[in-house]
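Shown next: entry-v9.tsv, given as TSV, N, CA and C atoms.
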```tsv
chain	number	residue	atom	x	y	z
L	10	MET	N	-243.39	-6.54	7.80
L	10	MET	CA	-243.41	-5.66	8.96
L	10	MET	C	-243.80	-4.25	8.50
L	11	THR	N	-244.66	-3.60	9.29
L	11	THR	CA	-245.05	-2.23	8.98
L	11	THR	C	-244.39	-1.28	9.97
L	12	PHE	N	-243.66	-0.33	9.43
L	12	PHE	CA	-242.97	0.70	10.20
L	12	PHE	C	-243.88	1.93	10.25
L	13	SER	N	-243.79	2.71	11.31
L	13	SER	CA	-244.64	3.89	11.45
L	13	SER	C	-243.87	5.04	12.08
L	14	VAL	N	-244.14	6.25	11.62
L	14	VAL	CA	-243.54	7.46	12.19
L	14	VAL	C	-244.66	8.47	12.48
L	15	PRO	N	-244.62	9.10	13.68
L	15	PRO	CA	-245.66	10.08	14.00
L	15	PRO	C	-245.36	11.45	13.39
L	16	VAL	N	-246.43	12.17	13.04
L	16	VAL	CA	-246.33	13.53	12.50
L	16	VAL	C	-247.54	14.30	13.01
L	17	THR	N	-247.36	15.59	13.27
L	17	THR	CA	-248.47	16.48	13.60
L	17	THR	C	-248.58	17.52	12.50
L	18	VAL	N	-249.78	17.72	11.98
L	18	VAL	CA	-250.01	18.68	10.90
L	18	VAL	C	-249.78	20.10	11.43
L	19	ARG	N	-248.95	20.85	10.72
L	19	ARG	CA	-248.58	22.21	11.10
L	19	ARG	C	-249.32	23.24	10.24
L	20	GLY	N	-249.52	24.42	10.78
L	20	GLY	CA	-250.29	25.46	10.12
L	20	GLY	C	-249.77	25.87	8.76
L	21	TYR	N	-248.47	25.97	8.61
L	21	TYR	CA	-247.90	26.41	7.34
L	21	TYR	C	-248.03	25.35	6.24
L	22	GLU	N	-248.52	24.17	6.57
L	22	GLU	CA	-248.70	23.11	5.59
L	22	GLU	C	-250.11	23.08	4.98
L	23	LEU	N	-250.96	23.97	5.44
L	23	LEU	CA	-252.35	23.98	4.99
L	23	LEU	C	-252.50	24.78	3.71
L	24	ASP	N	-253.54	24.45	2.95
L	24	ASP	CA	-253.84	25.20	1.73
L	24	ASP	C	-254.97	26.20	1.99
L	25	VAL	N	-255.41	26.86	0.97
L	25	VAL	CA	-256.45	27.89	1.08
L	25	VAL	C	-257.77	27.32	1.61
L	26	ASN	N	-257.98	26.01	1.49
L	26	ASN	CA	-259.21	25.37	1.97
L	26	ASN	C	-259.13	24.98	3.45
L	27	GLY	N	-257.97	25.20	4.05
L	27	GLY	CA	-257.82	24.88	5.47
L	27	GLY	C	-257.49	23.44	5.76
L	28	HIS	N	-257.14	22.69	4.72
L	28	HIS	CA	-256.69	21.32	4.96
L	28	HIS	C	-255.28	21.13	4.40
L	29	LEU	N	-254.68	20.00	4.73
L	29	LEU	CA	-253.30	19.75	4.35
L	29	LEU	C	-253.13	19.82	2.84
L	30	ASN	N	-252.15	20.60	2.41
L	30	ASN	CA	-251.85	20.72	0.98
L	30	ASN	C	-251.44	19.37	0.42
L	31	GLN	N	-251.91	19.08	-0.78
L	31	GLN	CA	-251.66	17.77	-1.39
L	31	GLN	C	-250.18	17.44	-1.52
L	32	ALA	N	-249.34	18.42	-1.76
L	32	ALA	CA	-247.90	18.16	-1.90
L	32	ALA	C	-247.27	17.73	-0.58
L	33	VAL	N	-247.84	18.17	0.53
L	33	VAL	CA	-247.29	17.84	1.84
L	33	VAL	C	-247.51	16.36	2.16
L	34	TYR	N	-248.60	15.77	1.66
L	34	TYR	CA	-248.79	14.33	1.82
L	34	TYR	C	-247.56	13.59	1.27
L	35	HIS	N	-247.07	14.03	0.12
L	35	HIS	CA	-245.88	13.42	-0.48
L	35	HIS	C	-244.66	13.62	0.41
L	36	GLN	N	-244.55	14.79	1.00
L	36	GLN	CA	-243.42	15.05	1.90
L	36	GLN	C	-243.47	14.14	3.13
L	37	TYR	N	-244.66	13.95	3.67
L	37	TYR	CA	-244.80	13.05	4.81
L	37	TYR	C	-244.39	11.63	4.43
L	38	ALA	N	-244.82	11.18	3.26
L	38	ALA	CA	-244.47	9.83	2.80
L	38	ALA	C	-242.95	9.70	2.61
L	39	GLU	N	-242.33	10.73	2.03
L	39	GLU	CA	-240.87	10.73	1.84
L	39	GLU	C	-240.16	10.70	3.19
L	40	HIS	N	-240.64	11.48	4.12
L	40	HIS	CA	-240.05	11.50	5.47
L	40	HIS	C	-240.08	10.10	6.08
L	41	ALA	N	-241.21	9.43	5.98
L	41	ALA	CA	-241.33	8.08	6.54
L	41	ALA	C	-240.41	7.10	5.83
L	42	ARG	N	-240.25	7.24	4.51
L	42	ARG	CA	-239.33	6.34	3.79
L	42	ARG	C	-237.90	6.50	4.28
L	43	TRP	N	-237.48	7.73	4.54
L	43	TRP	CA	-236.13	7.94	5.08
L	43	TRP	C	-236.03	7.41	6.50
L	44	GLU	N	-237.07	7.60	7.29
L	44	GLU	CA	-237.04	7.12	8.67
L	44	GLU	C	-236.96	5.60	8.75
L	45	VAL	N	-237.63	4.89	7.85
L	45	VAL	CA	-237.54	3.43	7.88
L	45	VAL	C	-236.12	2.99	7.49
L	46	LEU	N	-235.49	3.70	6.56
L	46	LEU	CA	-234.10	3.37	6.22
L	46	LEU	C	-233.17	3.61	7.42
L	47	VAL	N	-233.37	4.73	8.11
L	47	VAL	CA	-232.57	5.03	9.29
L	47	VAL	C	-232.79	3.97	10.37
L	48	ALA	N	-234.04	3.56	10.58
L	48	ALA	CA	-234.34	2.52	11.57
L	48	ALA	C	-233.66	1.20	11.23
L	49	ALA	N	-233.43	0.96	9.95
L	49	ALA	CA	-232.74	-0.25	9.51
L	49	ALA	C	-231.22	-0.10	9.62
L	50	GLY	N	-230.75	1.08	10.01
L	50	GLY	CA	-229.31	1.33	10.11
L	50	GLY	C	-228.71	1.82	8.82
L	51	LEU	N	-229.55	2.29	7.93
L	51	LEU	CA	-229.09	2.77	6.61
L	51	LEU	C	-229.17	4.29	6.56
L	52	VAL	N	-228.38	4.94	7.40
L	52	VAL	CA	-228.37	6.40	7.42
L	52	VAL	C	-227.82	6.91	6.08
L	53	PRO	N	-228.24	8.12	5.68
L	53	PRO	CA	-227.82	8.64	4.37
L	53	PRO	C	-226.30	8.60	4.15
L	54	ASP	N	-225.51	8.95	5.17
L	54	ASP	CA	-224.05	8.94	5.00
L	54	ASP	C	-223.53	7.54	4.70
L	55	LYS	N	-224.09	6.53	5.37
L	55	LYS	CA	-223.66	5.15	5.15
L	55	LYS	C	-223.97	4.72	3.72
L	56	LEU	N	-225.16	5.06	3.25
L	56	LEU	CA	-225.53	4.72	1.87
L	56	LEU	C	-224.60	5.42	0.88
L	57	GLN	N	-224.38	6.71	1.10
L	57	GLN	CA	-223.55	7.47	0.17
L	57	GLN	C	-222.11	6.95	0.16
L	58	LEU	N	-221.57	6.63	1.32
L	58	LEU	CA	-220.22	6.07	1.38
L	58	LEU	C	-220.14	4.71	0.70
L	59	SER	N	-221.26	4.01	0.63
L	59	SER	CA	-221.33	2.73	-0.07
L	59	SER	C	-221.57	2.93	-1.56
L	60	GLY	N	-221.72	4.19	-1.98
L	60	GLY	CA	-221.94	4.48	-3.39
L	60	GLY	C	-223.36	4.20	-3.85
L	61	LEU	N	-224.30	4.22	-2.91
L	61	LEU	CA	-225.69	3.88	-3.23
L	61	LEU	C	-226.65	4.97	-2.78
L	62	GLY	N	-227.76	5.07	-3.48
L	62	GLY	CA	-228.81	6.00	-3.09
L	62	GLY	C	-230.17	5.49	-3.53
L	63	PRO	N	-231.17	5.57	-2.64
L	63	PRO	CA	-232.51	5.16	-3.04
L	63	PRO	C	-233.13	6.19	-3.98
L	64	VAL	N	-233.90	5.73	-4.94
L	64	VAL	CA	-234.57	6.63	-5.88
L	64	VAL	C	-236.03	6.19	-6.04
L	65	VAL	N	-236.90	7.18	-6.14
L	65	VAL	CA	-238.32	6.91	-6.40
L	65	VAL	C	-238.50	6.82	-7.91
L	66	LEU	N	-239.06	5.72	-8.37
L	66	LEU	CA	-239.32	5.51	-9.79
L	66	LEU	C	-240.77	5.84	-10.15
L	67	GLU	N	-241.65	5.65	-9.18
L	67	GLU	CA	-243.07	5.93	-9.41
L	67	GLU	C	-243.74	6.09	-8.05
L	68	SER	N	-244.66	7.04	-7.95
L	68	SER	CA	-245.38	7.26	-6.72
L	68	SER	C	-246.84	7.56	-7.04
L	69	ASN	N	-247.72	6.74	-6.51
L	69	ASN	CA	-249.16	6.93	-6.71
L	69	ASN	C	-249.81	7.15	-5.35
L	70	VAL	N	-250.68	8.13	-5.29
L	70	VAL	CA	-251.36	8.44	-4.04
L	70	VAL	C	-252.86	8.47	-4.26
L	71	LYS	N	-253.57	7.98	-3.26
L	71	LYS	CA	-255.03	8.04	-3.25
L	71	LYS	C	-255.42	8.81	-1.99
L	72	TYR	N	-256.00	10.00	-2.18
L	72	TYR	CA	-256.44	10.83	-1.06
L	72	TYR	C	-257.82	10.37	-0.62
L	73	LEU	N	-257.97	10.09	0.66
L	73	LEU	CA	-259.23	9.53	1.16
L	73	LEU	C	-259.96	10.44	2.15
L	74	ARG	N	-259.23	11.07	3.06
L	74	ARG	CA	-259.82	11.95	4.07
L	74	ARG	C	-258.88	13.13	4.28
L	75	GLU	N	-259.46	14.30	4.45
L	75	GLU	CA	-258.63	15.48	4.65
L	75	GLU	C	-258.02	15.51	6.04
L	76	LEU	N	-256.91	16.23	6.15
L	76	LEU	CA	-256.24	16.45	7.42
L	76	LEU	C	-256.26	17.94	7.73
L	77	HIS	N	-256.32	18.27	9.03
L	77	HIS	CA	-256.41	19.66	9.46
L	77	HIS	C	-255.31	19.99	10.48
L	78	LEU	N	-255.17	21.27	10.73
L	78	LEU	CA	-254.20	21.77	11.70
L	78	LEU	C	-254.29	21.00	13.02
L	79	GLY	N	-253.14	20.53	13.47
L	79	GLY	CA	-253.07	19.83	14.75
L	79	GLY	C	-253.38	18.35	14.71
L	80	ASP	N	-253.87	17.85	13.59
L	80	ASP	CA	-254.14	16.41	13.50
L	80	ASP	C	-252.84	15.64	13.75
L	81	GLU	N	-252.93	14.67	14.63
L	81	GLU	CA	-251.81	13.78	14.88
L	81	GLU	C	-252.02	12.53	14.04
L	82	ILE	N	-250.98	12.18	13.31
L	82	ILE	CA	-251.10	11.07	12.36
L	82	ILE	C	-249.90	10.13	12.50
L	83	ALA	N	-250.04	8.99	11.88
L	83	ALA	CA	-248.93	8.05	11.72
L	83	ALA	C	-248.76	7.82	10.22
L	84	VAL	N	-247.52	7.81	9.78
L	84	VAL	CA	-247.22	7.51	8.39
L	84	VAL	C	-246.50	6.17	8.37
L	85	THR	N	-247.07	5.21	7.68
L	85	THR	CA	-246.55	3.85	7.70
L	85	THR	C	-245.75	3.54	6.43
L	86	CYS	N	-244.90	2.53	6.54
L	86	CYS	CA	-244.15	1.99	5.41
L	86	CYS	C	-244.10	0.47	5.56
L	87	ALA	N	-244.43	-0.23	4.51
L	87	ALA	CA	-244.28	-1.67	4.46
L	87	ALA	C	-243.61	-2.00	3.13
L	88	CYS	N	-242.45	-2.64	3.21
L	88	CYS	CA	-241.67	-2.94	2.00
L	88	CYS	C	-242.10	-4.27	1.40
L	89	ARG	N	-242.06	-4.32	0.09
L	89	ARG	CA	-242.28	-5.56	-0.65
L	89	ARG	C	-241.10	-5.75	-1.59
L	90	TRP	N	-240.61	-6.97	-1.64
L	90	TRP	CA	-239.42	-7.30	-2.44
L	90	TRP	C	-239.77	-8.33	-3.49
L	91	GLY	N	-239.10	-8.26	-4.61
L	91	GLY	CA	-239.28	-9.23	-5.68
L	91	GLY	C	-237.99	-9.33	-6.47
L	92	ALA	N	-238.07	-9.96	-7.61
L	92	ALA	CA	-236.91	-10.08	-8.49
L	92	ALA	C	-236.77	-8.80	-9.29
L	93	GLY	N	-235.57	-8.50	-9.67
L	93	GLY	CA	-235.34	-7.34	-10.52
L	93	GLY	C	-234.80	-6.14	-9.77
L	94	LYS	N	-234.80	-5.01	-10.45
L	94	LYS	CA	-234.17	-3.79	-9.96
L	94	LYS	C	-235.06	-2.93	-9.09
L	95	ALA	N	-236.33	-3.24	-8.99
L	95	ALA	CA	-237.28	-2.41	-8.24
L	95	ALA	C	-237.74	-3.11	-6.97
L	96	PHE	N	-238.16	-2.30	-6.02
L	96	PHE	CA	-238.87	-2.79	-4.85
L	96	PHE	C	-239.99	-1.80	-4.55
L	97	TRP	N	-240.86	-2.16	-3.64
L	97	TRP	CA	-242.08	-1.38	-3.41
L	97	TRP	C	-242.24	-1.03	-1.96
L	98	MET	N	-242.84	0.12	-1.72
L	98	MET	CA	-243.28	0.49	-0.37
L	98	MET	C	-244.75	0.86	-0.45
L	99	ASP	N	-245.53	0.19	0.38
L	99	ASP	CA	-246.93	0.54	0.55
L	99	ASP	C	-247.00	1.41	1.80
L	100	GLN	N	-247.64	2.55	1.67
L	100	GLN	CA	-247.68	3.50	2.77
L	100	GLN	C	-249.11	3.98	3.00
L	101	GLN	N	-249.38	4.29	4.25
L	101	GLN	CA	-250.65	4.91	4.62
L	101	GLN	C	-250.39	6.08	5.54
L	102	ILE	N	-251.25	7.08	5.44
L	102	ILE	CA	-251.29	8.16	6.41
L	102	ILE	C	-252.57	7.94	7.20
L	103	LEU	N	-252.40	7.68	8.50
L	103	LEU	CA	-253.51	7.29	9.36
L	103	LEU	C	-253.72	8.30	10.47
L	104	LYS	N	-254.98	8.66	10.70
L	104	LYS	CA	-255.32	9.43	11.89
L	104	LYS	C	-255.22	8.49	13.09
L	105	LEU	N	-255.09	9.05	14.28
L	105	LEU	CA	-254.94	8.21	15.46
L	105	LEU	C	-256.14	7.32	15.73
L	106	ASP	N	-257.31	7.69	15.20
L	106	ASP	CA	-258.49	6.84	15.37
L	106	ASP	C	-258.54	5.70	14.35
L	107	GLY	N	-257.49	5.60	13.51
L	107	GLY	CA	-257.42	4.53	12.51
L	107	GLY	C	-257.94	4.91	11.14
L	108	THR	N	-258.53	6.10	11.01
L	108	THR	CA	-259.04	6.55	9.71
L	108	THR	C	-257.87	6.72	8.74
L	109	VAL	N	-257.99	6.13	7.56
L	109	VAL	CA	-256.95	6.26	6.54
L	109	VAL	C	-257.19	7.56	5.78
L	110	SER	N	-256.20	8.44	5.80
L	110	SER	CA	-256.30	9.71	5.12
L	110	SER	C	-255.75	9.62	3.69
L	111	ALA	N	-254.71	8.81	3.50
L	111	ALA	CA	-254.13	8.64	2.16
L	111	ALA	C	-253.41	7.31	2.09
L	112	GLU	N	-253.34	6.78	0.87
L	112	GLU	CA	-252.60	5.54	0.60
L	112	GLU	C	-251.62	5.81	-0.53
L	113	PHE	N	-250.41	5.35	-0.35
L	113	PHE	CA	-249.36	5.49	-1.36
L	113	PHE	C	-248.89	4.11	-1.80
L	114	SER	N	-248.61	4.00	-3.07
L	114	SER	CA	-247.92	2.84	-3.63
L	114	SER	C	-246.70	3.41	-4.35
L	115	VAL	N	-245.52	3.05	-3.87
L	115	VAL	CA	-244.29	3.66	-4.37
L	115	VAL	C	-243.37	2.57	-4.91
L	116	VAL	N	-242.86	2.80	-6.11
L	116	VAL	CA	-241.86	1.91	-6.71
L	116	VAL	C	-240.51	2.59	-6.55
L	117	LEU	N	-239.55	1.85	-6.01
L	117	LEU	CA	-238.22	2.41	-5.75
L	117	LEU	C	-237.14	1.55	-6.38
L	118	GLY	N	-235.98	2.13	-6.48
L	118	GLY	CA	-234.79	1.43	-6.91
L	118	GLY	C	-233.63	1.88	-6.04
L	119	LEU	N	-232.51	1.22	-6.20
L	119	LEU	CA	-231.29	1.58	-5.50
L	119	LEU	C	-230.24	1.90	-6.55
L	120	MET	N	-229.83	3.16	-6.60
L	120	MET	CA	-228.93	3.61	-7.65
L	120	MET	C	-227.47	3.48	-7.24
L	121	ASP	N	-226.67	2.95	-8.15
L	121	ASP	CA	-225.21	2.99	-8.03
L	121	ASP	C	-224.84	4.42	-8.41
L	122	LEU	N	-224.36	5.20	-7.43
L	122	LEU	CA	-224.14	6.62	-7.64
L	122	LEU	C	-222.99	6.93	-8.60
L	123	LYS	N	-222.08	6.01	-8.76
L	123	LYS	CA	-220.98	6.22	-9.70
L	123	LYS	C	-221.41	5.89	-11.13
L	124	ALA	N	-222.04	4.74	-11.30
L	124	ALA	CA	-222.48	4.31	-12.64
L	124	ALA	C	-223.77	5.01	-13.07
L	125	ARG	N	-224.51	5.58	-12.09
L	125	ARG	CA	-225.80	6.24	-12.34
L	125	ARG	C	-226.81	5.28	-12.96
L	126	LYS	N	-226.77	4.03	-12.47
L	126	LYS	CA	-227.71	2.99	-12.91
L	126	LYS	C	-228.24	2.26	-11.69
L	127	LEU	N	-229.42	1.66	-11.86
L	127	LEU	CA	-229.99	0.88	-10.78
L	127	LEU	C	-229.20	-0.40	-10.56
L	128	VAL	N	-229.05	-0.79	-9.29
L	128	VAL	CA	-228.37	-2.06	-8.99
L	128	VAL	C	-229.35	-3.20	-9.29
L	129	ALA	N	-228.80	-4.33	-9.62
L	129	ALA	CA	-229.61	-5.47	-10.07
L	129	ALA	C	-230.49	-6.06	-8.97
L	130	ASP	N	-230.01	-6.11	-7.73
L	130	ASP	CA	-230.76	-6.74	-6.64
L	130	ASP	C	-230.71	-5.83	-5.42
L	131	PRO	N	-231.60	-4.83	-5.36
L	131	PRO	CA	-231.52	-3.87	-4.27
L	131	PRO	C	-231.72	-4.49	-2.89
L	132	GLY	N	-232.58	-5.49	-2.78
L	132	GLY	CA	-232.79	-6.13	-1.50
L	132	GLY	C	-231.53	-6.77	-0.95
L	133	GLN	N	-230.80	-7.44	-1.80
L	133	GLN	CA	-229.57	-8.09	-1.37
L	133	GLN	C	-228.52	-7.07	-0.95
L	134	ARG	N	-228.41	-5.98	-1.69
L	134	ARG	CA	-227.44	-4.92	-1.34
L	134	ARG	C	-227.80	-4.28	0.00
L	135	LEU	N	-229.08	-4.00	0.21
L	135	LEU	CA	-229.49	-3.40	1.47
L	135	LEU	C	-229.36	-4.39	2.63
L	136	LEU	N	-229.63	-5.65	2.36
L	136	LEU	CA	-229.46	-6.69	3.38
L	136	LEU	C	-228.02	-6.73	3.87
L	137	GLN	N	-227.07	-6.57	2.97
L	137	GLN	CA	-225.64	-6.58	3.33
L	137	GLN	C	-225.26	-5.38	4.18
L	138	LEU	N	-225.92	-4.25	3.97
L	138	LEU	CA	-225.55	-3.01	4.67
L	138	LEU	C	-226.35	-2.74	5.93
L	139	ALA	N	-227.57	-3.24	6.02
L	139	ALA	CA	-228.47	-2.89	7.11
L	139	ALA	C	-228.05	-3.54	8.43
L	140	GLU	N	-228.22	-2.78	9.50
L	140	GLU	CA	-228.00	-3.31	10.84
L	140	GLU	C	-229.25	-4.02	11.35
L	141	SER	N	-230.41	-3.57	10.90
L	141	SER	CA	-231.70	-4.17	11.29
L	141	SER	C	-232.54	-4.40	10.04
L	142	PRO	N	-232.15	-5.37	9.20
L	142	PRO	CA	-232.83	-5.57	7.92
L	142	PRO	C	-234.30	-5.97	8.06
L	143	ASP	N	-234.67	-6.53	9.23
L	143	ASP	CA	-236.06	-6.95	9.43
L	143	ASP	C	-237.04	-5.77	9.35
L	144	VAL	N	-236.57	-4.55	9.67
L	144	VAL	CA	-237.41	-3.36	9.58
L	144	VAL	C	-237.86	-3.16	8.13
L	145	LEU	N	-237.03	-3.60	7.19
L	145	LEU	CA	-237.34	-3.48	5.76
L	145	LEU	C	-237.98	-4.76	5.21
L	146	GLY	N	-238.25	-5.71	6.07
L	146	GLY	CA	-238.81	-6.97	5.60
L	146	GLY	C	-237.80	-7.85	4.92
L	147	LEU	N	-236.51	-7.66	5.25
L	147	LEU	CA	-235.43	-8.46	4.66
L	147	LEU	C	-234.88	-9.41	5.70
L	148	ARG	N	-234.52	-10.60	5.25
L	148	ARG	CA	-233.93	-11.60	6.17
L	148	ARG	C	-232.79	-12.30	5.48
```

Taking this structure as input, can you express it in the form of structure tokens?
Amino acid sequence: MTFSVPVTVRGYELDVNGHLNQAVYHQYAEHARWEVLVAAGLVPDKLQLSGLGPVVLESNVKYLRELHLGDEIAVTCACRWGAGKAFWMDQQILKLDGTVSAEFSVVLGLMDLKARKLVADPGQRLLQLAESPDVLGLR
């Protein structure tokens, strides 16, 4: 399942060239990752009370098309699960006409906040806590 959140490019996010600053693309992707967790019922307080926190282990971005002031976009998240301590989110920043502005490949983990170590099976832990696990591609 692909989750999407709308964003409008704001003036203070632009660089000297008049297009979206490269660091803001990362902020948009981070915003969407939190929104997909919230949509699954995994609000930050619930995660923290469970002693867990998501962490980014690696983030790769490919910039494809520039964004400008007022551009309305969608930032997508699609989770991939496997064995081990990591999981993945594939993300795109899309203009409303479908043009892909950026693609992200993000490796994440779920940290045990007390032990300060990654949990062995993050998908299973999130499945136990989520109210709508299907948003994360969990069943």

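When CA of His35 (chain L) is paired with CA of Val52 (chain L), their separation reads 20.5 Å.
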
Checklist entry - Smallest atom-to-atom distance to Lys71 (chain L): which of L:Trp90, L:Trp43, L:Phe113, L:Tyr21, using all atoms listed in the file? => result L:Phe113

Next on the checklist: Within 6.5 Å of (-234.6, 2.8, -3.4) in the file's own coordinates, which protein, DNA or RNA residues have an atom, counting only N, CA and C atoms? List them as a list in words.
Outcome noted: Gly62, Pro63, Val64, Val65, Leu117, Gly118, Leu119 and Met120 of chain L

Written file, previous selection with N, CA and C atoms, as a PDB file, in the coordinates of the input:
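Writing the result to selection.pdb gives the following:
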```pdb
ATOM      1  N   GLY L  62    -227.760   5.070  -3.480  1.00  0.00           N
ATOM      2  CA  GLY L  62    -228.810   6.000  -3.090  1.00  0.00           C
ATOM      3  C   GLY L  62    -230.170   5.490  -3.530  1.00  0.00           C
ATOM      4  N   PRO L  63    -231.170   5.570  -2.640  1.00  0.00           N
ATOM      5  CA  PRO L  63    -232.510   5.160  -3.040  1.00  0.00           C
ATOM      6  C   PRO L  63    -233.130   6.190  -3.980  1.00  0.00           C
ATOM      7  N   VAL L  64    -233.900   5.730  -4.940  1.00  0.00           N
ATOM      8  CA  VAL L  64    -234.570   6.630  -5.880  1.00  0.00           C
ATOM      9  C   VAL L  64    -236.030   6.190  -6.040  1.00  0.00           C
ATOM     10  N   VAL L  65    -236.900   7.180  -6.140  1.00  0.00           N
ATOM     11  CA  VAL L  65    -238.320   6.910  -6.400  1.00  0.00           C
ATOM     12  C   VAL L  65    -238.500   6.820  -7.910  1.00  0.00           C
ATOM     13  N   LEU L 117    -239.550   1.850  -6.010  1.00  0.00           N
ATOM     14  CA  LEU L 117    -238.220   2.410  -5.750  1.00  0.00           C
ATOM     15  C   LEU L 117    -237.140   1.550  -6.380  1.00  0.00           C
ATOM     16  N   GLY L 118    -235.980   2.130  -6.480  1.00  0.00           N
ATOM     17  CA  GLY L 118    -234.790   1.430  -6.910  1.00  0.00           C
ATOM     18  C   GLY L 118    -233.630   1.880  -6.040  1.00  0.00           C
ATOM     19  N   LEU L 119    -232.510   1.220  -6.200  1.00  0.00           N
ATOM     20  CA  LEU L 119    -231.290   1.580  -5.500  1.00  0.00           C
ATOM     21  C   LEU L 119    -230.240   1.900  -6.550  1.00  0.00           C
ATOM     22  N   MET L 120    -229.830   3.160  -6.600  1.00  0.00           N
ATOM     23  CA  MET L 120    -228.930   3.610  -7.650  1.00  0.00           C
ATOM     24  C   MET L 120    -227.470   3.480  -7.240  1.00  0.00           C
TER      25      MET L 120
END
```

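Interatomic distance, CA of Gln57 (chain L) to CA of Cys88 (chain L): 21.0 Å.
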
Checklist entry - Neighbours of Leu76 (chain L) within 6.5 Å (all atoms listed in the file; same-chain residues fewer than 2 positions away dropped), as a list in words? => result Gly27, His28, Leu29, Arg74, Leu78 and Asp80 of chain L

Those residues with N, CA and C atoms, as a CSV table (one decimal), in the frame of the given file please?
```csv
chain,number,residue,atom,x,y,z
L,27,GLY,N,-258.0,25.2,4.0
L,27,GLY,CA,-257.8,24.9,5.5
L,27,GLY,C,-257.5,23.4,5.8
L,28,HIS,N,-257.1,22.7,4.7
L,28,HIS,CA,-256.7,21.3,5.0
L,28,HIS,C,-255.3,21.1,4.4
L,29,LEU,N,-254.7,20.0,4.7
L,29,LEU,CA,-253.3,19.8,4.4
L,29,LEU,C,-253.1,19.8,2.8
L,74,ARG,N,-259.2,11.1,3.1
L,74,ARG,CA,-259.8,12.0,4.1
L,74,ARG,C,-258.9,13.1,4.3
L,78,LEU,N,-255.2,21.3,10.7
L,78,LEU,CA,-254.2,21.8,11.7
L,78,LEU,C,-254.3,21.0,13.0
L,80,ASP,N,-253.9,17.8,13.6
L,80,ASP,CA,-254.1,16.4,13.5
L,80,ASP,C,-252.8,15.6,13.8
```

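Among the candidates L:Val16, L:Gly50, L:Glu22, L:Val33, the residue lying nearest to Ser141 (chain L) is L:Gly50 (atoms considered: only N, CA and C atoms).
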
Checklist entry - Tell me, which residues of chain L carry DSSP strand (DSSP E or B), written as a PyMOL selection string? => result chain L and resi 11-17+23+29+61-72+81-89+95-104+109-121+126-127

Next on the checklist: With distances taken over only N, CA and C atoms, which residue among L:Ala95, L:Cys86, L:Leu145, L:Val109 lies nearest Leu73 (chain L)?
Outcome noted: L:Val109

Item to check | Interatomic distance (Å, one decimal) between CA of Leu23 (chain L) and CA of Val84 (chain L) | outcome: 17.6 Å

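With distances taken over all atoms listed in the file, L:Met98 is the one residue among L:Pro131, L:Met98, L:Arg19, L:Gly79 lying closest to Ser114 (chain L).
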
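Of the listed residues L:Leu138, L:Asp121, L:Val116, L:Ser110, the one whose atoms come nearest to Gln31 (chain L) is L:Ser110, with distances taken using only C-alpha atoms.
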